[in-house]
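**Q** coords.txt is the file, holding compact mmCIF, C-alpha atoms:
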# COMPACT_ATOMS: atom_id res chain seq x y z
CA MET A 1 114.64 99.95 108.22
CA ASP A 2 117.95 99.79 110.05
CA ILE A 3 120.60 97.19 109.43
CA GLU A 4 123.17 96.26 112.04
CA THR A 5 125.97 93.82 111.39
CA ARG A 6 128.31 92.09 113.78
CA GLN A 7 130.80 89.29 113.64
CA GLU A 8 130.27 86.12 115.68
CA GLY A 9 133.33 83.97 115.08
CA PRO A 10 133.34 83.07 111.40
CA CYS A 11 129.75 84.15 111.02
CA ARG A 12 128.34 87.51 109.97
CA VAL A 13 125.10 88.36 111.75
CA VAL A 14 122.95 90.85 109.86
CA SER A 15 120.09 92.22 111.94
CA ILE A 16 117.19 93.85 110.09
CA ARG A 17 115.10 96.21 112.18
CA GLY A 18 111.81 97.63 110.96
CA SER A 19 110.25 97.17 107.56
CA ALA A 20 112.07 95.42 104.74
CA ASP A 21 109.87 97.07 102.12
CA VAL A 22 110.65 97.86 98.50
CA ASN A 23 112.28 101.14 99.44
CA ALA A 24 114.62 99.34 101.84
CA SER A 25 115.66 96.62 99.40
CA ALA A 26 118.65 98.53 98.07
CA SER A 27 120.14 98.88 101.54
CA LEU A 28 119.47 95.24 102.26
CA ARG A 29 121.06 94.23 98.96
CA GLU A 30 124.11 96.31 99.71
CA ALA A 31 124.51 94.84 103.19
CA LEU A 32 124.05 91.20 102.23
CA LEU A 33 125.63 91.05 98.79
CA GLY A 34 128.37 93.38 99.98
CA ALA A 35 129.18 90.94 102.75
CA VAL A 36 129.31 88.01 100.35
CA GLU A 37 131.44 89.92 97.86
CA ALA A 38 133.80 90.80 100.71
CA GLY A 39 134.22 87.11 101.46
CA GLN A 40 131.72 86.85 104.33
CA THR A 41 129.90 83.78 103.10
CA GLN A 42 128.60 82.50 106.44
CA ILE A 43 125.65 84.72 107.23
CA VAL A 44 122.84 84.64 109.75
CA CYS A 45 120.05 87.08 109.00
CA ASP A 46 118.40 88.11 112.27
CA LEU A 47 114.71 88.86 111.62
CA ALA A 48 113.61 89.16 115.25
CA ASP A 49 112.90 92.87 114.88
CA THR A 50 111.72 92.79 111.27
CA ASP A 51 108.04 93.76 111.19
CA PHE A 52 107.44 93.53 107.42
CA ILE A 53 109.02 91.97 104.37
CA CYS A 54 107.96 92.29 100.73
CA SER A 55 108.70 90.00 97.83
CA ASP A 56 111.44 92.30 96.61
CA ALA A 57 113.30 91.93 99.91
CA LEU A 58 112.69 88.18 99.84
CA GLY A 59 114.36 88.22 96.44
CA VAL A 60 117.39 89.92 97.95
CA LEU A 61 117.61 87.21 100.64
CA ILE A 62 117.39 84.52 97.96
CA THR A 63 120.05 86.16 95.79
CA ALA A 64 122.42 86.51 98.75
CA TYR A 65 121.69 82.91 99.80
CA LEU A 66 122.56 81.63 96.32
CA LYS A 67 125.75 83.68 96.11
CA ALA A 68 126.87 82.56 99.58
CA ARG A 69 126.06 78.95 98.77
CA GLY A 70 127.92 79.24 95.48
CA ARG A 71 131.01 80.19 97.43
CA GLY A 72 130.64 77.31 99.84
CA GLY A 73 128.87 79.30 102.51
CA PHE A 74 125.31 79.77 103.71
CA LEU A 75 122.67 82.29 104.66
CA HIS A 76 120.36 81.20 107.45
CA LEU A 77 117.35 83.06 108.87
CA ALA A 78 116.76 83.52 112.57
CA GLY A 79 113.97 84.74 114.79
CA PRO A 80 111.15 85.59 112.40
CA GLY A 81 107.96 86.59 114.18
CA ALA A 82 104.56 85.09 113.45
CA ARG A 83 103.80 87.25 110.42
CA LEU A 84 107.17 86.73 108.75
CA SER A 85 107.02 83.03 109.54
CA ASP A 86 103.66 82.91 107.82
CA ILE A 87 105.13 84.55 104.72
CA LEU A 88 108.00 82.05 104.71
CA GLN A 89 105.53 79.18 104.96
CA THR A 90 103.17 80.63 102.37
CA THR A 91 105.98 81.07 99.86
CA ARG A 92 107.55 77.76 100.94
CA LEU A 93 110.82 79.60 101.38
CA ASN A 94 111.09 77.83 104.71
CA ARG A 95 112.06 74.88 102.51
CA LEU A 96 114.88 76.85 100.92
CA PHE A 97 116.29 78.58 103.99
CA HIS A 98 117.25 77.08 107.30
CA VAL A 99 115.03 79.01 109.72
CA TYR A 100 116.04 79.07 113.39
CA PRO A 101 113.93 80.38 116.25
CA ASP A 102 116.63 82.88 117.22
CA THR A 103 120.17 83.93 116.36
CA GLY A 104 121.64 82.04 119.30
CA SER A 105 120.13 78.79 118.02
CA ALA A 106 121.45 79.46 114.54
CA LEU A 107 124.98 80.14 115.79
CA ALA A 108 124.91 77.15 118.11
CA ALA A 109 123.93 74.87 115.23
CA LEU A 110 126.89 75.86 113.07
CA MET B 1 100.71 112.39 94.01
CA ARG B 2 97.87 114.15 92.22
CA SER B 3 94.14 113.61 92.10
CA ALA B 4 92.93 111.34 89.36
CA ARG B 5 90.48 112.24 86.64
CA VAL B 6 90.63 108.64 85.43
CA ALA B 7 91.39 106.08 88.11
CA ALA B 8 91.82 102.34 88.13
CA GLY B 9 88.92 100.81 86.24
CA ASN B 10 86.98 104.00 86.87
CA PRO B 11 85.03 102.27 89.66
CA GLN B 12 81.55 103.58 90.24
CA THR B 13 80.17 104.81 93.52
CA ASP B 14 77.50 102.52 94.97
CA ASP B 15 75.86 102.03 98.33
CA ARG B 16 79.24 101.14 99.83
CA GLY B 17 80.42 104.69 99.39
CA GLU B 18 82.89 106.81 97.51
CA TRP B 19 86.16 105.67 96.01
CA THR B 20 89.31 107.66 96.58
CA LYS B 21 91.29 107.88 93.36
CA LYS B 22 94.96 108.73 92.91
CA VAL B 23 97.40 108.86 90.06
CA LEU B 24 100.93 107.99 91.11
CA PRO B 25 104.14 108.56 89.22
CA THR B 26 106.09 105.46 88.31
CA ASP B 27 108.40 106.01 91.24
CA LEU B 28 108.88 103.55 94.08
CA GLY B 29 109.19 106.53 96.40
CA ALA B 30 105.43 107.02 96.04
CA VAL B 31 104.65 103.57 97.42
CA ARG B 32 105.21 104.27 101.10
CA GLU B 33 103.12 107.46 101.21
CA THR B 34 100.23 105.80 99.40
CA GLU B 35 100.34 102.79 101.70
CA ARG B 36 100.36 105.10 104.70
CA GLU B 37 97.18 106.80 103.53
CA VAL B 38 95.29 103.57 103.00
CA LEU B 39 96.55 101.82 106.12
CA GLY B 40 95.61 104.88 108.17
CA LEU B 41 92.04 104.43 107.00
CA LEU B 42 92.11 100.78 108.07
CA ARG B 43 93.35 101.68 111.53
CA ASP B 44 90.73 104.42 111.82
CA GLN B 45 88.08 101.81 111.05
CA GLY B 46 89.43 99.44 113.70
CA TYR B 47 90.99 96.75 111.50
CA ASP B 48 93.40 94.63 113.53
CA ASP B 49 97.15 94.50 113.03
CA ASP B 50 97.08 91.22 111.09
CA GLN B 51 94.55 92.65 108.64
CA VAL B 52 96.56 95.85 108.24
CA PHE B 53 99.68 93.77 107.63
CA ALA B 54 97.92 91.67 104.99
CA VAL B 55 96.59 94.69 103.12
CA ARG B 56 99.96 96.43 103.30
CA LEU B 57 101.70 93.41 101.80
CA ALA B 58 99.19 92.93 98.99
CA PHE B 59 98.99 96.65 98.20
CA GLU B 60 102.78 96.98 98.07
CA GLU B 61 103.04 93.98 95.76
CA ALA B 62 100.39 95.44 93.47
CA LEU B 63 102.01 98.87 93.32
CA VAL B 64 105.48 97.48 92.70
CA ASN B 65 104.20 95.12 90.01
CA ALA B 66 102.45 98.04 88.30
CA MET B 67 105.57 100.22 88.30
CA LYS B 68 108.11 97.49 87.60
CA HIS B 69 106.43 94.96 85.34
CA GLY B 70 103.50 97.02 84.05
CA ASN B 71 105.11 100.36 83.33
CA GLY B 72 108.66 99.07 83.11
CA PHE B 73 109.77 101.95 85.36
CA ASP B 74 108.95 104.35 82.52
CA PRO B 75 108.70 107.75 84.26
CA ASN B 76 106.32 108.94 81.55
CA LEU B 77 103.72 106.39 82.63
CA SER B 78 101.46 106.53 85.68
CA VAL B 79 99.87 104.11 88.11
CA HIS B 80 96.16 104.57 88.80
CA VAL B 81 94.94 103.65 92.26
CA ALA B 82 91.42 103.55 93.63
CA TYR B 83 90.41 102.45 97.10
CA ARG B 84 87.64 102.57 99.62
CA VAL B 85 87.58 101.36 103.17
CA THR B 86 84.41 100.63 105.09
CA PRO B 87 83.95 98.89 108.43
CA GLU B 88 83.13 95.71 106.48
CA ARG B 89 85.70 95.59 103.69
CA VAL B 90 88.71 97.09 102.00
CA GLU B 91 88.68 97.41 98.21
CA ILE B 92 91.76 98.38 96.22
CA ARG B 93 92.34 98.66 92.50
CA VAL B 94 95.72 99.27 90.92
CA ALA B 95 96.14 99.82 87.18
CA ASP B 96 99.23 100.49 85.10
CA GLU B 97 99.63 101.87 81.60
CA GLY B 98 101.62 98.97 80.23
CA GLY B 99 100.66 96.31 77.76
CA GLY B 100 99.21 93.94 80.33
CA PHE B 101 99.91 90.26 80.88
CA THR B 102 98.20 86.93 81.38
CA PRO B 103 98.27 86.04 85.08
CA GLY B 104 97.95 82.32 84.34
CA THR B 105 101.31 82.31 82.61
CA VAL B 106 103.22 83.32 85.75
CA PRO B 107 105.06 80.27 87.11
CA ASP B 108 103.98 79.01 90.52
CA PRO B 109 106.76 80.29 92.81
CA THR B 110 106.02 77.63 95.43
CA GLN B 111 107.01 74.77 93.15
CA ASP B 112 110.32 73.19 94.10
CA GLU B 113 111.92 74.16 90.80
CA ASN B 114 111.01 77.82 91.34
CA LEU B 115 111.97 78.27 94.98
CA GLU B 116 115.36 79.74 94.07
CA ARG B 117 113.90 82.34 91.72
CA PRO B 118 114.33 85.77 93.30
CA CYS B 119 111.21 87.17 91.59
CA GLY B 120 107.63 86.15 90.84
CA ARG B 121 105.98 85.99 94.28
CA GLY B 122 103.91 89.17 94.18
CA ILE B 123 100.71 87.80 92.66
CA MET B 124 100.80 84.72 94.86
CA LEU B 125 101.17 86.88 97.98
CA MET B 126 98.27 89.09 96.88
CA ARG B 127 96.07 86.03 96.42
CA CYS B 128 97.08 84.57 99.79
CA TYR B 129 96.69 87.71 101.86
CA MET B 130 93.52 89.17 100.30
CA ASP B 131 90.13 87.48 100.13
CA GLU B 132 89.42 88.31 96.49
CA VAL B 133 91.90 89.09 93.72
CA SER B 134 91.02 89.49 90.06
CA PHE B 135 92.64 90.94 86.97
CA SER B 136 91.18 92.88 84.08
CA PRO B 137 91.03 91.02 80.76
CA ARG B 138 94.13 92.85 79.55
CA GLY B 139 95.91 92.11 82.81
CA ASN B 140 96.96 95.68 83.54
CA GLU B 141 94.59 96.18 86.46
CA VAL B 142 94.26 94.19 89.66
CA SER B 143 91.25 94.42 91.98
CA MET B 144 91.57 93.20 95.54
CA VAL B 145 89.13 92.86 98.44
CA LYS B 146 89.78 92.12 102.09
CA HIS B 147 86.79 91.40 104.29
CA ARG B 148 86.75 92.39 107.93
Show how you would write the structure in this file as structure tokens.
**A**
Amino acid sequence: MDIETRQEGPCRVVSIRGSADVNASASLREALLGAVEAGQTQIVCDLADTDFICSDALGVLITAYLKARGRGGFLHLAGPGARLSDILQTTRLNRLFHVYPDTGSALAAL
Amino acid sequence: MRSARVAAGNPQTDDRGEWTKKVLPTDLGAVRETEREVLGLLRDQGYDDDQVFAVRLAFEEALVNAMKHGNGFDPNLSVHVAYRVTPERVEIRVADEGGGFTPGTVPDPTQDENLERPCGRGIMLMRCYMDEVSFSPRGNEVSMVKHR
């Protein structure tokens, strides 16, 4: 898994490429919680190139979402493919997160 | 990873063929290699990408649960895996050496009041992405089946 971050105005875009499996969770935690701890509380997580996500990585997204929200910010998801969308629906996490079809839509909605 | 003398549930060979048995250390680093072995068998047998994805997800959840919740990340404990892949079905068993648990006591993670919990989705994902999921009476072994 590779993580790329960029700034779009006030928003931090975190792109996850490859598999967000249990062995990648630590890197994901560091990227997302590190951003929140550094004061970046407006986050869009770009999942367009994420081909797998496990429950451990979902837990990292939830933890970062709660911490961002607790500081008055947000963590939105963007661009999940069919398989990740199915996981979000199955877990009903699509009710917790705002899920946008792509990063551009997420940024435009802010 | 070493060969197992005693594998998950010690499954018996029947007319569906031999089980492959492994004993893994309680080390998350062993998850990826083990998944790769099993998923390679699925691809060799012509399972489609959605089926491979489903088995990968369920298998990873089972292995992580065994190491994390079952063995408590105790490096002195092992995880016992058995699997067999035929053109018709995939069967996987994962057993830990912990004290077990009662699956029915795990809160439903899809309930509104549990959506913000960062943990507790593994069993639900296994049940949703495999066709059959069952636990041993002690709760320290999960058996999963995915039909073609």
**Q** Would you mind telling me which residue in A:Ala109, A:Leu61, A:Val36, A:Ile16 lies nearest to chain B when using only C-alpha atoms?
**A**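 Answer, going by the shortest atom-to-atom distance: A:Leu61.
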**Q** Would you list the contacts of B:Ala66 as a count of residues only, taking every protein, DNA or RNA residue within 9 Å and counting only C-alpha atoms, but skipping same-chain residues closer than 6 positions in sequence?
**A** 12
**Q** I want to know what sits within 9 Å of B:Pro103, based on only C-alpha atoms, with residues of the same chain fewer than 2 positions away left out; could you give that as a list in words?
**A** Phe101, Thr105, Val106, Ile123, Phe135 and Gly139 of chain B
**Q** Those selected residues, please, written with C-alpha atoms and delivered as a compact mmCIF listing (two decimals), in the coordinates of the input.
**A**
# COMPACT_ATOMS: atom_id res chain seq x y z
CA PHE B 101 99.91 90.26 80.88
CA THR B 105 101.31 82.31 82.61
CA VAL B 106 103.22 83.32 85.75
CA ILE B 123 100.71 87.80 92.66
CA PHE B 135 92.64 90.94 86.97
CA GLY B 139 95.91 92.11 82.81
**Q** Given a cut-off of 12 Å, which residues of chain A touch chain B, counting all atoms listed in the file, written out as a PyMOL selection string?
**A** chain A and resi 19-26+51-67+69+82-84+86-97
**Q** Considering only C-alpha atoms, return as a compact mmCIF listing (two decimals) with C-alpha atoms, in the coordinates of the input whatever protein or nucleic-acid residues lie within 12 Å of B:Val55, sequence-local ones (same chain, fewer than 4 positions apart) excluded.
**A**
# COMPACT_ATOMS: atom_id res chain seq x y z
CA PHE A 52 107.44 93.53 107.42
CA CYS A 54 107.96 92.29 100.73
CA GLU B 35 100.34 102.79 101.70
CA ARG B 36 100.36 105.10 104.70
CA VAL B 38 95.29 103.57 103.00
CA LEU B 39 96.55 101.82 106.12
CA GLY B 40 95.61 104.88 108.17
CA LEU B 41 92.04 104.43 107.00
CA LEU B 42 92.11 100.78 108.07
CA ARG B 43 93.35 101.68 111.53
CA TYR B 47 90.99 96.75 111.50
CA ASP B 48 93.40 94.63 113.53
CA ASP B 49 97.15 94.50 113.03
CA ASP B 50 97.08 91.22 111.09
CA GLN B 51 94.55 92.65 108.64
CA PHE B 59 98.99 96.65 98.20
CA GLU B 60 102.78 96.98 98.07
CA GLU B 61 103.04 93.98 95.76
CA ALA B 62 100.39 95.44 93.47
CA LEU B 63 102.01 98.87 93.32
CA TYR B 83 90.41 102.45 97.10
CA VAL B 85 87.58 101.36 103.17
CA ARG B 89 85.70 95.59 103.69
CA VAL B 90 88.71 97.09 102.00
CA GLU B 91 88.68 97.41 98.21
CA ILE B 92 91.76 98.38 96.22
CA LEU B 125 101.17 86.88 97.98
CA MET B 126 98.27 89.09 96.88
CA ARG B 127 96.07 86.03 96.42
CA CYS B 128 97.08 84.57 99.79
CA TYR B 129 96.69 87.71 101.86
CA MET B 130 93.52 89.17 100.30
CA ASP B 131 90.13 87.48 100.13
CA GLU B 132 89.42 88.31 96.49
CA VAL B 133 91.90 89.09 93.72
CA MET B 144 91.57 93.20 95.54
CA VAL B 145 89.13 92.86 98.44
CA LYS B 146 89.78 92.12 102.09
CA HIS B 147 86.79 91.40 104.29
CA ARG B 148 86.75 92.39 107.93
**Q** Please work out which residues fall within 10 Å of (113.3, 83.0, 113.5), coordinates as given in the file, with all atoms listed in the file counting, and return them as a ChimeraX atom specification.
**A** /A:45-49,76-82,84-85,98-103,105-106
**Q** Given the point (134.1, 88.3, 102.9) in the coordinates of this file, which residues lie within 12 Å, counting only C-alpha atoms, and how would they look as a ChimeraX atom specification?
**A** /A:7,10-12,31-43,67-68,71-73
**Q** Can you save chain A of the given block to a file, including C-alpha atoms and formatted as a PDB file, in the first residue's frame?
**A**
ATOM      1  CA  MET A   1       0.000   0.000   0.000  1.00  0.00           C
ATOM      2  CA  ASP A   2       1.217   3.484  -0.828  1.00  0.00           C
ATOM      3  CA  ILE A   3      -0.136   6.631   0.742  1.00  0.00           C
ATOM      4  CA  GLU A   4       0.094   9.995  -0.968  1.00  0.00           C
ATOM      5  CA  THR A   5      -1.049  13.201   0.659  1.00  0.00           C
ATOM      6  CA  ARG A   6      -1.652  16.610  -0.819  1.00  0.00           C
ATOM      7  CA  GLN A   7      -3.225  19.837   0.261  1.00  0.00           C
ATOM      8  CA  GLU A   8      -6.300  21.188  -1.538  1.00  0.00           C
ATOM      9  CA  GLY A   9      -7.074  24.530   0.077  1.00  0.00           C
ATOM     10  CA  PRO A  10      -7.982  23.812   3.685  1.00  0.00           C
ATOM     11  CA  CYS A  11      -8.422  20.143   2.962  1.00  0.00           C
ATOM     12  CA  ARG A  12      -5.927  17.309   3.262  1.00  0.00           C
ATOM     13  CA  VAL A  13      -6.396  14.657   0.591  1.00  0.00           C
ATOM     14  CA  VAL A  14      -5.010  11.264   1.570  1.00  0.00           C
ATOM     15  CA  SER A  15      -4.836   8.829  -1.331  1.00  0.00           C
ATOM     16  CA  ILE A  16      -4.535   5.130  -0.514  1.00  0.00           C
ATOM     17  CA  ARG A  17      -3.155   2.990  -3.307  1.00  0.00           C
ATOM     18  CA  GLY A  18      -3.182  -0.793  -3.182  1.00  0.00           C
ATOM     19  CA  SER A  19      -4.311  -2.966  -0.308  1.00  0.00           C
ATOM     20  CA  ALA A  20      -5.254  -1.513   3.057  1.00  0.00           C
ATOM     21  CA  ASP A  21      -4.685  -4.838   4.802  1.00  0.00           C
ATOM     22  CA  VAL A  22      -3.730  -5.501   8.402  1.00  0.00           C
ATOM     23  CA  ASN A  23      -0.052  -5.071   7.644  1.00  0.00           C
ATOM     24  CA  ALA A  24      -0.712  -1.635   6.162  1.00  0.00           C
ATOM     25  CA  SER A  25      -2.853  -0.377   9.032  1.00  0.00           C
ATOM     26  CA  ALA A  26       0.055   1.118  10.953  1.00  0.00           C
ATOM     27  CA  SER A  27       1.049   3.293   8.004  1.00  0.00           C
ATOM     28  CA  LEU A  28      -2.544   4.323   7.477  1.00  0.00           C
ATOM     29  CA  ARG A  29      -2.917   5.148  11.170  1.00  0.00           C
ATOM     30  CA  GLU A  30       0.226   7.233  11.091  1.00  0.00           C
ATOM     31  CA  ALA A  31      -0.889   9.155   8.002  1.00  0.00           C
ATOM     32  CA  LEU A  32      -4.430   9.880   9.143  1.00  0.00           C
ATOM     33  CA  LEU A  33      -4.020  10.329  12.878  1.00  0.00           C
ATOM     34  CA  GLY A  34      -0.769  12.177  12.282  1.00  0.00           C
ATOM     35  CA  ALA A  35      -2.620  14.623  10.079  1.00  0.00           C
ATOM     36  CA  VAL A  36      -5.312  15.178  12.690  1.00  0.00           C
ATOM     37  CA  GLU A  37      -2.767  15.585  15.474  1.00  0.00           C
ATOM     38  CA  ALA A  38      -0.964  18.135  13.313  1.00  0.00           C
ATOM     39  CA  GLY A  39      -4.156  20.151  13.057  1.00  0.00           C
ATOM     40  CA  GLN A  40      -5.320  18.885   9.654  1.00  0.00           C
ATOM     41  CA  THR A  41      -8.895  18.127  10.612  1.00  0.00           C
ATOM     42  CA  GLN A  42     -10.505  18.447   7.184  1.00  0.00           C
ATOM     43  CA  ILE A  43      -9.623  15.234   5.407  1.00  0.00           C
ATOM     44  CA  VAL A  44     -10.756  13.534   2.235  1.00  0.00           C
ATOM     45  CA  CYS A  45      -9.642   9.930   1.954  1.00  0.00           C
ATOM     46  CA  ASP A  46      -9.271   9.039  -1.723  1.00  0.00           C
ATOM     47  CA  LEU A  47     -10.061   5.332  -2.189  1.00  0.00           C
ATOM     48  CA  ALA A  48     -10.139   5.304  -5.992  1.00  0.00           C
ATOM     49  CA  ASP A  49      -7.024   3.134  -6.185  1.00  0.00           C
ATOM     50  CA  THR A  50      -7.652   1.087  -3.043  1.00  0.00           C
ATOM     51  CA  ASP A  51      -8.226  -2.530  -4.064  1.00  0.00           C
ATOM     52  CA  PHE A  52      -8.763  -4.058  -0.605  1.00  0.00           C
ATOM     53  CA  ILE A  53      -9.643  -2.958   2.892  1.00  0.00           C
ATOM     54  CA  CYS A  54      -9.854  -5.062   6.052  1.00  0.00           C
ATOM     55  CA  SER A  55     -11.736  -4.366   9.251  1.00  0.00           C
ATOM     56  CA  ASP A  56      -8.560  -3.210  10.958  1.00  0.00           C
ATOM     57  CA  ALA A  57      -8.079  -0.482   8.345  1.00  0.00           C
ATOM     58  CA  LEU A  58     -11.767   0.411   8.589  1.00  0.00           C
ATOM     59  CA  GLY A  59     -11.148   0.872  12.302  1.00  0.00           C
ATOM     60  CA  VAL A  60      -8.350   3.308  11.533  1.00  0.00           C
ATOM     61  CA  LEU A  61     -10.685   5.323   9.270  1.00  0.00           C
ATOM     62  CA  ILE A  62     -13.300   5.398  12.031  1.00  0.00           C
ATOM     63  CA  THR A  63     -10.796   6.471  14.682  1.00  0.00           C
ATOM     64  CA  ALA A  64      -9.469   9.261  12.462  1.00  0.00           C
ATOM     65  CA  TYR A  65     -13.025  10.319  11.601  1.00  0.00           C
ATOM     66  CA  LEU A  66     -13.936  10.568  15.296  1.00  0.00           C
ATOM     67  CA  LYS A  67     -10.801  12.509  16.170  1.00  0.00           C
ATOM     68  CA  ALA A  68     -11.301  14.925  13.266  1.00  0.00           C
ATOM     69  CA  ARG A  69     -14.955  15.377  14.160  1.00  0.00           C
ATOM     70  CA  GLY A  70     -14.021  15.939  17.791  1.00  0.00           C
ATOM     71  CA  ARG A  71     -11.880  18.849  16.689  1.00  0.00           C
ATOM     72  CA  GLY A  72     -14.612  20.335  14.552  1.00  0.00           C
ATOM     73  CA  GLY A  73     -13.420  18.788  11.318  1.00  0.00           C
ATOM     74  CA  PHE A  74     -14.380  15.840   9.152  1.00  0.00           C
ATOM     75  CA  LEU A  75     -13.089  12.826   7.279  1.00  0.00           C
ATOM     76  CA  HIS A  76     -14.942  12.027   4.077  1.00  0.00           C
ATOM     77  CA  LEU A  77     -14.404   9.085   1.719  1.00  0.00           C
ATOM     78  CA  ALA A  78     -14.126   9.460  -2.035  1.00  0.00           C
ATOM     79  CA  GLY A  79     -14.063   7.185  -5.035  1.00  0.00           C
ATOM     80  CA  PRO A  80     -14.464   3.700  -3.606  1.00  0.00           C
ATOM     81  CA  GLY A  81     -14.768   1.036  -6.277  1.00  0.00           C
ATOM     82  CA  ALA A  82     -17.508  -1.572  -6.367  1.00  0.00           C
ATOM     83  CA  ARG A  83     -15.910  -3.954  -3.880  1.00  0.00           C
ATOM     84  CA  LEU A  84     -15.085  -1.283  -1.308  1.00  0.00           C
ATOM     85  CA  SER A  85     -18.520   0.248  -1.758  1.00  0.00           C
ATOM     86  CA  ASP A  86     -20.000  -3.153  -1.025  1.00  0.00           C
ATOM     87  CA  ILE A  87     -17.986  -3.396   2.193  1.00  0.00           C
ATOM     88  CA  LEU A  88     -19.141   0.086   3.221  1.00  0.00           C
ATOM     89  CA  GLN A  89     -22.745  -0.895   2.581  1.00  0.00           C
ATOM     90  CA  THR A  90     -22.413  -4.271   4.272  1.00  0.00           C
ATOM     91  CA  THR A  91     -20.955  -2.712   7.399  1.00  0.00           C
ATOM     92  CA  ARG A  92     -23.348   0.264   7.109  1.00  0.00           C
ATOM     93  CA  LEU A  93     -20.347   2.539   7.412  1.00  0.00           C
ATOM     94  CA  ASN A  94     -21.788   4.422   4.465  1.00  0.00           C
ATOM     95  CA  ARG A  95     -24.159   5.778   7.121  1.00  0.00           C
ATOM     96  CA  LEU A  96     -21.270   7.020   9.231  1.00  0.00           C
ATOM     97  CA  PHE A  97     -19.048   8.477   6.516  1.00  0.00           C
ATOM     98  CA  HIS A  98     -19.968  10.853   3.756  1.00  0.00           C
ATOM     99  CA  VAL A  99     -19.021   8.870   0.647  1.00  0.00           C
ATOM    100  CA  TYR A 100     -18.474  10.788  -2.591  1.00  0.00           C
ATOM    101  CA  PRO A 101     -18.042   9.261  -6.036  1.00  0.00           C
ATOM    102  CA  ASP A 102     -14.652  10.940  -6.450  1.00  0.00           C
ATOM    103  CA  THR A 103     -12.305  13.384  -4.757  1.00  0.00           C
ATOM    104  CA  GLY A 104     -13.387  16.252  -6.989  1.00  0.00           C
ATOM    105  CA  SER A 105     -16.993  15.821  -5.877  1.00  0.00           C
ATOM    106  CA  ALA A 106     -15.938  15.712  -2.246  1.00  0.00           C
ATOM    107  CA  LEU A 107     -13.888  18.895  -2.531  1.00  0.00           C
ATOM    108  CA  ALA A 108     -16.607  20.663  -4.489  1.00  0.00           C
ATOM    109  CA  ALA A 109     -19.150  19.855  -1.792  1.00  0.00           C
ATOM    110  CA  LEU A 110     -17.113  21.439   0.994  1.00  0.00           C
TER     111      LEU A 110
END
